[in-house]
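Structure file entry28.txt (compact mmCIF, C-alpha atoms) is printed below.
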# COMPACT_ATOMS: atom_id res chain seq x y z
CA MET V 180 -152.53 -90.67 -167.87
CA SER V 181 -156.34 -90.56 -167.75
CA ALA V 182 -158.29 -87.32 -167.89
CA GLU V 183 -159.29 -87.81 -164.24
CA SER V 184 -155.67 -88.28 -163.19
CA ARG V 185 -154.56 -85.19 -165.11
CA LEU V 186 -157.26 -83.13 -163.42
CA SER V 187 -156.29 -84.52 -160.02
CA GLU V 188 -152.63 -83.61 -160.53
CA GLU V 189 -153.58 -80.13 -161.74
CA LEU V 190 -155.57 -79.52 -158.58
CA ARG V 191 -152.83 -80.98 -156.41
CA THR V 192 -150.39 -78.45 -157.86
CA ARG V 193 -152.84 -75.57 -157.53
CA SER V 194 -153.65 -76.40 -153.91
CA ALA V 195 -150.12 -77.07 -152.65
CA ALA V 196 -149.46 -73.57 -151.26
CA ALA V 197 -152.77 -73.43 -149.38
CA ARG V 198 -152.33 -76.90 -147.95
CA SER V 199 -148.80 -76.10 -146.79
CA ARG V 200 -150.27 -73.22 -144.74
CA SER V 201 -153.09 -75.44 -143.44
CA VAL V 202 -155.64 -73.18 -145.15
CA PRO V 203 -158.66 -75.01 -146.60
CA TYR V 204 -158.53 -75.09 -150.39
CA VAL V 205 -161.99 -74.62 -151.87
CA ILE V 206 -162.95 -76.23 -155.17
CA GLY V 207 -166.26 -75.36 -156.79
CA VAL V 208 -168.03 -77.73 -159.18
CA ALA V 209 -170.58 -75.82 -161.25
CA GLY V 210 -172.81 -76.52 -164.23
CA SER V 211 -176.40 -77.07 -165.27
CA VAL V 212 -179.08 -78.81 -163.28
CA ALA V 213 -178.63 -82.59 -163.83
CA VAL V 214 -175.17 -82.30 -165.38
CA GLY V 215 -173.79 -84.59 -162.66
CA LYS V 216 -172.15 -82.14 -160.28
CA SER V 217 -172.60 -84.11 -157.06
CA THR V 218 -171.46 -87.40 -158.59
CA PHE V 219 -168.45 -85.71 -160.14
CA ALA V 220 -167.60 -83.95 -156.86
CA ALA V 221 -167.75 -87.25 -154.97
CA GLN V 222 -165.46 -88.93 -157.49
CA LEU V 223 -163.09 -85.97 -157.37
CA GLY V 224 -163.00 -86.18 -153.58
CA LYS V 225 -161.84 -89.80 -153.75
CA LEU V 226 -159.08 -88.88 -156.20
CA ILE V 227 -157.89 -86.10 -153.90
CA GLN V 228 -157.89 -88.34 -150.84
CA ALA V 229 -155.52 -90.64 -152.72
CA TRP V 230 -152.85 -87.93 -153.07
CA PRO V 231 -149.58 -88.84 -151.32
CA GLU V 232 -150.31 -86.18 -148.67
CA ARG V 233 -153.66 -87.88 -147.84
CA PRO V 234 -155.55 -84.57 -147.43
CA SER V 235 -158.86 -84.49 -145.59
CA VAL V 236 -161.73 -83.73 -147.98
CA VAL V 237 -165.27 -82.53 -147.34
CA ASN V 238 -167.96 -82.53 -150.05
CA ILE V 239 -171.17 -80.56 -149.75
CA ALA V 240 -173.78 -79.22 -152.16
CA THR V 241 -174.77 -75.57 -151.93
CA ASP V 242 -178.47 -76.46 -152.29
CA GLY V 243 -178.70 -75.98 -148.54
CA TYR V 244 -178.22 -72.26 -149.16
CA LEU V 245 -181.39 -71.97 -151.19
CA HIS V 246 -183.94 -69.87 -149.37
CA SER V 247 -186.58 -72.07 -147.78
CA ASN V 248 -189.79 -72.74 -149.69
CA ALA V 249 -191.65 -70.50 -147.25
CA ILE V 250 -189.32 -67.56 -147.91
CA LEU V 251 -189.43 -68.13 -151.67
CA ALA V 252 -193.23 -68.13 -151.56
CA GLU V 253 -193.27 -64.97 -149.44
CA ARG V 254 -191.02 -63.22 -151.97
CA GLY V 255 -192.90 -64.50 -155.01
CA LEU V 256 -189.92 -66.59 -156.10
CA SER V 257 -191.33 -70.11 -155.95
CA MET V 258 -191.11 -70.47 -159.72
CA ARG V 259 -187.60 -69.02 -159.68
CA LYS V 260 -186.16 -71.72 -157.44
CA GLY V 261 -182.64 -72.48 -158.61
CA PHE V 262 -182.19 -69.04 -160.20
CA PRO V 263 -179.51 -66.74 -158.73
CA GLU V 264 -181.90 -64.74 -156.55
CA SER V 265 -183.19 -67.90 -154.83
CA PHE V 266 -179.88 -68.46 -153.01
CA ASP V 267 -178.74 -66.87 -149.75
CA VAL V 268 -175.37 -65.85 -151.15
CA PRO V 269 -174.30 -63.67 -148.15
CA ALA V 270 -174.83 -66.66 -145.81
CA LEU V 271 -172.80 -68.96 -148.05
CA ARG V 272 -170.05 -66.40 -148.40
CA ALA V 273 -169.93 -65.91 -144.61
CA ALA V 274 -169.67 -69.68 -144.13
CA LEU V 275 -166.76 -69.94 -146.57
CA GLU V 276 -164.98 -67.02 -144.93
CA ALA V 277 -165.32 -68.71 -141.54
CA ILE V 278 -164.07 -72.05 -142.90
CA LYS V 279 -161.05 -70.31 -144.42
CA GLU V 280 -160.34 -68.83 -140.97
CA GLY V 281 -160.35 -72.30 -139.46
CA GLU V 282 -163.68 -72.04 -137.67
CA ARG V 283 -166.10 -74.89 -137.08
CA VAL V 284 -169.07 -74.18 -139.36
CA PRO V 285 -172.46 -75.92 -139.67
CA MET V 286 -173.48 -75.90 -143.34
CA PRO V 287 -177.18 -76.60 -144.07
CA ARG V 288 -178.21 -79.40 -146.37
CA TYR V 289 -181.14 -79.90 -148.70
CA SER V 290 -183.72 -82.69 -148.84
CA HIS V 291 -184.69 -83.98 -152.27
CA VAL V 292 -187.60 -85.75 -150.58
CA THR V 293 -189.29 -82.66 -149.13
CA TYR V 294 -187.80 -80.45 -151.86
CA ASP V 295 -186.76 -77.95 -149.19
CA VAL V 296 -183.83 -76.91 -147.01
CA ASP V 297 -183.22 -79.30 -144.12
CA PRO V 298 -181.61 -77.14 -141.39
CA ALA V 299 -181.86 -79.93 -138.81
CA ASN V 300 -179.43 -82.02 -140.89
CA ALA V 301 -176.50 -79.61 -141.12
CA MET V 302 -172.98 -80.82 -141.96
CA ILE V 303 -170.29 -79.65 -139.54
CA VAL V 304 -167.23 -78.50 -141.48
CA GLU V 305 -164.03 -78.01 -139.50
CA ARG V 306 -160.61 -77.37 -141.04
CA PRO V 307 -160.65 -79.68 -144.07
CA SER V 308 -157.59 -79.66 -146.31
CA VAL V 309 -159.91 -79.45 -149.30
CA LEU V 310 -163.56 -78.39 -149.42
CA ILE V 311 -165.48 -79.33 -152.57
CA LEU V 312 -168.68 -77.38 -153.21
CA ASP V 313 -171.10 -78.33 -155.93
CA GLY V 314 -173.97 -76.15 -157.00
CA LEU V 315 -175.43 -73.46 -159.21
CA HIS V 316 -174.23 -69.90 -159.73
CA LEU V 317 -171.00 -70.37 -157.76
CA ALA V 318 -169.31 -67.43 -159.45
CA GLN V 319 -171.72 -65.02 -157.73
CA ILE V 320 -170.09 -65.91 -154.40
CA GLU V 321 -167.12 -63.83 -155.52
CA THR V 322 -169.18 -60.68 -156.07
CA GLY V 323 -169.75 -60.04 -152.36
CA GLY V 324 -166.26 -58.98 -151.33
CA PRO V 325 -162.61 -58.51 -152.31
CA LYS V 326 -161.36 -61.91 -151.11
CA ARG V 327 -161.63 -64.88 -153.47
CA LEU V 328 -163.26 -67.77 -151.64
CA ILE V 329 -163.41 -70.44 -154.36
CA ASP V 330 -159.81 -71.19 -155.26
CA SER V 331 -160.54 -73.34 -158.31
CA LEU V 332 -163.88 -73.22 -160.13
CA ILE V 333 -164.66 -76.22 -162.35
CA TYR V 334 -167.52 -76.06 -164.85
CA LEU V 335 -169.11 -79.23 -166.21
CA ASP V 336 -170.33 -78.73 -169.76
CA ALA V 337 -172.38 -80.84 -172.17
CA PRO V 338 -174.77 -80.27 -175.10
CA GLU V 339 -178.21 -79.08 -174.03
CA PRO V 340 -180.12 -82.10 -175.44
CA VAL V 341 -177.82 -84.45 -173.53
CA ILE V 342 -178.39 -82.58 -170.27
CA GLU V 343 -182.14 -82.63 -170.87
CA THR V 344 -182.00 -86.43 -171.17
CA TRP V 345 -180.05 -86.64 -167.91
CA PHE V 346 -182.60 -84.37 -166.24
CA THR V 347 -185.54 -86.49 -167.36
CA ASN V 348 -183.80 -89.70 -166.34
CA ARG V 349 -183.23 -88.25 -162.88
CA LEU V 350 -186.63 -86.63 -162.32
CA VAL V 351 -188.93 -89.44 -163.44
CA PRO V 352 -187.57 -92.00 -160.93
CA LEU V 353 -187.90 -89.44 -158.14
CA MET V 354 -191.54 -88.92 -159.09
CA ILE V 355 -192.15 -92.67 -159.13
CA ALA V 356 -190.40 -93.17 -155.78
CA GLY V 357 -192.54 -90.42 -154.22
CA ARG V 358 -195.87 -92.02 -155.14
CA ASP V 359 -196.18 -93.89 -151.83
CA ASP V 360 -194.35 -91.43 -149.57
CA THR V 361 -196.69 -88.81 -148.12
CA SER V 362 -193.70 -86.77 -146.91
CA SER V 363 -192.31 -86.51 -150.43
CA PHE V 364 -192.75 -83.42 -152.56
CA TYR V 365 -193.46 -85.77 -155.44
CA TYR V 366 -196.43 -87.43 -153.69
CA ALA V 367 -198.59 -84.72 -155.28
CA PHE V 368 -197.81 -86.22 -158.69
CA ARG V 369 -198.72 -89.80 -157.73
CA GLU V 370 -201.61 -90.10 -160.21
CA MET V 371 -199.51 -89.23 -163.25
CA SER V 372 -198.90 -91.79 -165.96
CA ASP V 373 -195.38 -92.38 -167.24
CA ALA V 374 -196.21 -90.27 -170.30
CA ASP V 375 -197.49 -87.48 -168.06
CA ARG V 376 -194.34 -87.59 -165.95
CA ARG V 377 -192.13 -87.30 -169.02
CA ALA V 378 -194.25 -84.46 -170.38
CA PHE V 379 -193.95 -82.71 -167.02
CA ALA V 380 -190.17 -83.15 -167.05
CA ALA V 381 -189.99 -81.72 -170.58
CA ARG V 382 -192.02 -78.69 -169.53
CA VAL V 383 -189.87 -78.04 -166.43
CA TRP V 384 -186.74 -78.28 -168.57
CA ARG V 385 -188.09 -76.02 -171.31
CA GLU V 386 -189.65 -73.36 -169.07
CA ILE V 387 -187.29 -73.30 -166.06
CA ASN V 388 -184.00 -75.16 -166.32
CA LEU V 389 -183.07 -74.30 -169.89
CA PRO V 390 -183.65 -70.52 -169.47
CA ASN V 391 -181.71 -70.67 -166.19
CA LEU V 392 -178.84 -72.42 -167.96
CA ARG V 393 -178.73 -70.05 -170.92
CA ASP V 394 -179.26 -66.79 -169.04
CA HIS V 395 -177.44 -67.41 -165.76
CA ILE V 396 -175.63 -70.71 -165.19
CA VAL V 397 -173.32 -70.20 -168.20
CA LYS V 398 -171.79 -67.27 -166.32
CA ASP V 399 -170.03 -69.88 -164.21
CA ARG V 400 -168.51 -71.30 -167.40
CA ALA V 401 -167.15 -67.87 -168.29
CA ALA V 402 -165.65 -67.50 -164.80
CA ALA V 403 -164.32 -71.07 -164.51
CA ASP V 404 -160.66 -71.95 -164.11
CA ILE V 405 -161.27 -75.36 -165.70
CA VAL V 406 -164.06 -76.35 -168.12
CA ILE V 407 -164.75 -80.06 -168.44
CA GLY V 408 -166.70 -81.31 -171.43
CA LYS V 409 -168.76 -84.42 -170.73
CA SER V 410 -169.85 -87.19 -173.08
CA PRO V 411 -173.39 -88.65 -173.06
CA ASP V 412 -172.13 -91.50 -170.82
CA HIS V 413 -170.85 -88.90 -168.30
CA SER V 414 -167.19 -89.60 -169.08
CA ILE V 415 -164.77 -86.70 -169.53
CA ALA V 416 -164.47 -85.72 -173.19
CA SER V 417 -162.22 -82.65 -172.76
CA ILE V 418 -160.49 -80.50 -170.17
CA LYS V 419 -159.77 -76.84 -170.85
CA PRO V 420 -157.75 -74.97 -168.21
Mind turning this structure into structure tokens?
Amino acid sequence: MSAESRLSEELRTRSAAARSRSVPYVIGVAGSVAVGKSTFAAQLGKLIQAWPERPSVVNIATDGYLHSNAILAERGLSMRKGFPESFDVPALRAALEAIKEGERVPMPRYSHVTYDVDPANAMIVERPSVLILDGLHLAQIETGGPKRLIDSLIYLDAPEPVIETWFTNRLVPLMIAGRDDTSSFYYAFREMSDADRRAFAARVWREINLPNLRDHIVKDRAAADIVIGKSPDHSIASIKP
């Protein structure tokens, strides 16, 4: 049995009681910036939909619960975007509580073009069998009340140099794509050379993402129910329940 299949069966067993009561089972996918959370969550969703019970699955990133750029600027947090204090945790917790109660909930999404919250493009979530969240600092959702809202927390782990490579390989194409799009956050970097873009990516990693990972994001690893080690090609190298 493949690592993916073993993980799928583990989650099927863990979620059986909730699904039998028609209560949404919430899976969190956490880990560093650029570790591949959204891609992994999408692949996991397909595996879950293939269970014999054919559960309904909704995937959404928690980036939509970042405070808007305007609020971050007002609070002096623009350079702390992605750190724990940049998220509206009470709003996310309230949304999860409502979903667990079977309510119809609009969850905001995030635009990687404007680099800001996109409230006009909310996803309506209504009674899924399984809700998969991917994002940063998911463990802090559980600090706001007595009821656990993420039923299984998965942490994606990889060596720091590998994640830095993934980050650079993701950021540079976004910067290139934004050169001719005046609505893109990355339009401001249109005059950069390829060397400048890579130097910029290295600086962002060194000064922002790496400290965030070491000081804050790893707390999700400590709180995780399942830690998945990833290889440089993004395949699963290990699974630790």
Quiz prompt | Counting all atoms listed in the file, the option among V:Gln228, V:Ser211, V:Ser372, V:Ser417 closest to Leu392 of chain V | solution =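 Checking each of V:Gln228, V:Ser211, V:Ser372, V:Ser417 against Leu392 of chain V, counting all atoms listed in the file, the winner is V:Ser211.
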Could the residues of segment 188-208 of chain V that have an atom at most 10 Å from segment 401-415 of chain V be listed as a Markdown table, each with its closest atom pair and the distance in Å to one decimal, counting only C-alpha atoms and ordered by chain and ascending residue number?
| residue | atom | partner | partner_atom | distance |
| --- | --- | --- | --- | --- |
| V:Glu189 | CA | V:Ile405 | CA | 9.9 |
| V:Gly207 | CA | V:Ala403 | CA | 9.0 |
| V:Val208 | CA | V:Ala403 | CA | 9.3 |
Exercise. Please indicate the distance in Å from atom CA of Phe346 of chain V to atom CA of Met286 of chain V, rounded to one decimal place.
Key: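 Going from atom CA of Phe346 of chain V over to atom CA of Met286 of chain V, I get 26.1 Å.
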Quiz prompt | Long-range neighbours of segment 347-351 of chain V as a PyMOL selection string, 12 Å cut-off, all atoms listed in the file, 2 positions minimum in chain | solution = chain V and resi 212-215+291-292+340-345+353-358+364-365+368-369+371-385+388
Quiz prompt | Test item: residues at most 9 Å from Lys279 of chain V, all atoms listed in the file, excluding those fewer than 5 positions along its chain, as number ranges by chain | solution = V: 202-205, 274, 306, 328
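Between Pro338 of chain V and the candidates V:Ile311, V:Ala416, V:Ala301, V:Ala229, the tightest atom-to-atom separation, counting only C-alpha atoms, involves V:Ala416.
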Self-check item: From V:Glu370, V:Glu232, V:Glu386, V:Asp267, residue lying nearest His316 of chain V [all atoms listed in the file]
Solution: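 That would be V:Asp267, the residue with the smallest distance to His316 of chain V.
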Output file request: segment 222-253 of chain V, with N, CA and C atoms, as a compact mmCIF listing (two decimals), in the first residue's frame.
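Written file, out_25.txt:
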# COMPACT_ATOMS: atom_id res chain seq x y z
N GLN V 222 -4.82 17.00 -3.52
CA GLN V 222 -4.61 15.57 -3.78
C GLN V 222 -5.30 14.73 -2.71
N LEU V 223 -5.22 15.18 -1.46
CA LEU V 223 -5.87 14.47 -0.37
C LEU V 223 -7.38 14.45 -0.57
N GLY V 224 -7.93 15.58 -1.01
CA GLY V 224 -9.37 15.65 -1.26
C GLY V 224 -9.82 14.62 -2.27
N LYS V 225 -9.04 14.41 -3.32
CA LYS V 225 -9.39 13.41 -4.33
C LYS V 225 -9.35 12.00 -3.76
N LEU V 226 -8.37 11.73 -2.90
CA LEU V 226 -8.30 10.41 -2.27
C LEU V 226 -9.52 10.16 -1.39
N ILE V 227 -9.93 11.20 -0.65
CA ILE V 227 -11.07 11.05 0.24
C ILE V 227 -12.37 10.86 -0.54
N GLN V 228 -12.50 11.57 -1.64
CA GLN V 228 -13.71 11.41 -2.46
C GLN V 228 -13.84 10.02 -3.05
N ALA V 229 -12.73 9.29 -3.10
CA ALA V 229 -12.74 7.93 -3.64
C ALA V 229 -13.06 6.88 -2.59
N TRP V 230 -13.27 7.30 -1.32
CA TRP V 230 -13.67 6.33 -0.30
C TRP V 230 -14.98 5.66 -0.71
N PRO V 231 -15.22 4.44 -0.25
CA PRO V 231 -16.48 3.76 -0.62
C PRO V 231 -17.73 4.57 -0.28
N GLU V 232 -17.66 5.38 0.78
CA GLU V 232 -18.82 6.18 1.19
C GLU V 232 -19.05 7.40 0.30
N ARG V 233 -18.09 7.71 -0.57
CA ARG V 233 -18.15 8.88 -1.46
C ARG V 233 -18.52 10.17 -0.70
N PRO V 234 -17.73 10.53 0.31
CA PRO V 234 -18.04 11.74 1.08
C PRO V 234 -17.86 13.01 0.24
N SER V 235 -18.63 14.03 0.57
CA SER V 235 -18.44 15.32 -0.07
C SER V 235 -17.26 16.02 0.61
N VAL V 236 -16.40 16.64 -0.19
CA VAL V 236 -15.18 17.26 0.33
C VAL V 236 -15.10 18.70 -0.15
N VAL V 237 -14.73 19.60 0.76
CA VAL V 237 -14.48 20.99 0.40
C VAL V 237 -13.06 21.33 0.81
N ASN V 238 -12.30 21.94 -0.09
CA ASN V 238 -10.94 22.41 0.20
C ASN V 238 -10.91 23.93 0.18
N ILE V 239 -10.29 24.52 1.17
CA ILE V 239 -10.10 25.97 1.15
C ILE V 239 -8.86 26.35 1.96
N ALA V 240 -8.14 27.33 1.46
CA ALA V 240 -6.97 27.86 2.17
C ALA V 240 -7.43 28.91 3.18
N THR V 241 -6.71 28.99 4.28
CA THR V 241 -7.07 29.98 5.31
C THR V 241 -6.45 31.34 5.04
N ASP V 242 -5.79 31.52 3.90
CA ASP V 242 -5.23 32.83 3.56
C ASP V 242 -6.30 33.92 3.54
N GLY V 243 -7.53 33.52 3.25
CA GLY V 243 -8.62 34.49 3.24
C GLY V 243 -8.90 35.10 4.60
N TYR V 244 -8.34 34.51 5.65
CA TYR V 244 -8.51 35.04 7.00
C TYR V 244 -7.31 35.87 7.45
N LEU V 245 -6.41 36.16 6.53
CA LEU V 245 -5.43 37.21 6.81
C LEU V 245 -6.18 38.54 6.93
N HIS V 246 -5.72 39.42 7.78
CA HIS V 246 -6.26 40.77 7.78
C HIS V 246 -5.92 41.41 6.43
N SER V 247 -6.78 42.28 5.96
CA SER V 247 -6.53 42.95 4.69
C SER V 247 -5.24 43.76 4.76
N ASN V 248 -4.69 44.07 3.60
CA ASN V 248 -3.47 44.89 3.56
C ASN V 248 -3.67 46.24 4.25
N ALA V 249 -4.87 46.80 4.09
CA ALA V 249 -5.15 48.10 4.72
C ALA V 249 -5.10 47.99 6.24
N ILE V 250 -5.68 46.93 6.78
CA ILE V 250 -5.67 46.75 8.24
C ILE V 250 -4.25 46.47 8.73
N LEU V 251 -3.52 45.65 7.99
CA LEU V 251 -2.14 45.36 8.39
C LEU V 251 -1.30 46.63 8.40
N ALA V 252 -1.50 47.48 7.39
CA ALA V 252 -0.75 48.74 7.35
C ALA V 252 -1.15 49.64 8.52
N GLU V 253 -2.43 49.69 8.82
CA GLU V 253 -2.92 50.52 9.92
C GLU V 253 -2.33 50.08 11.25
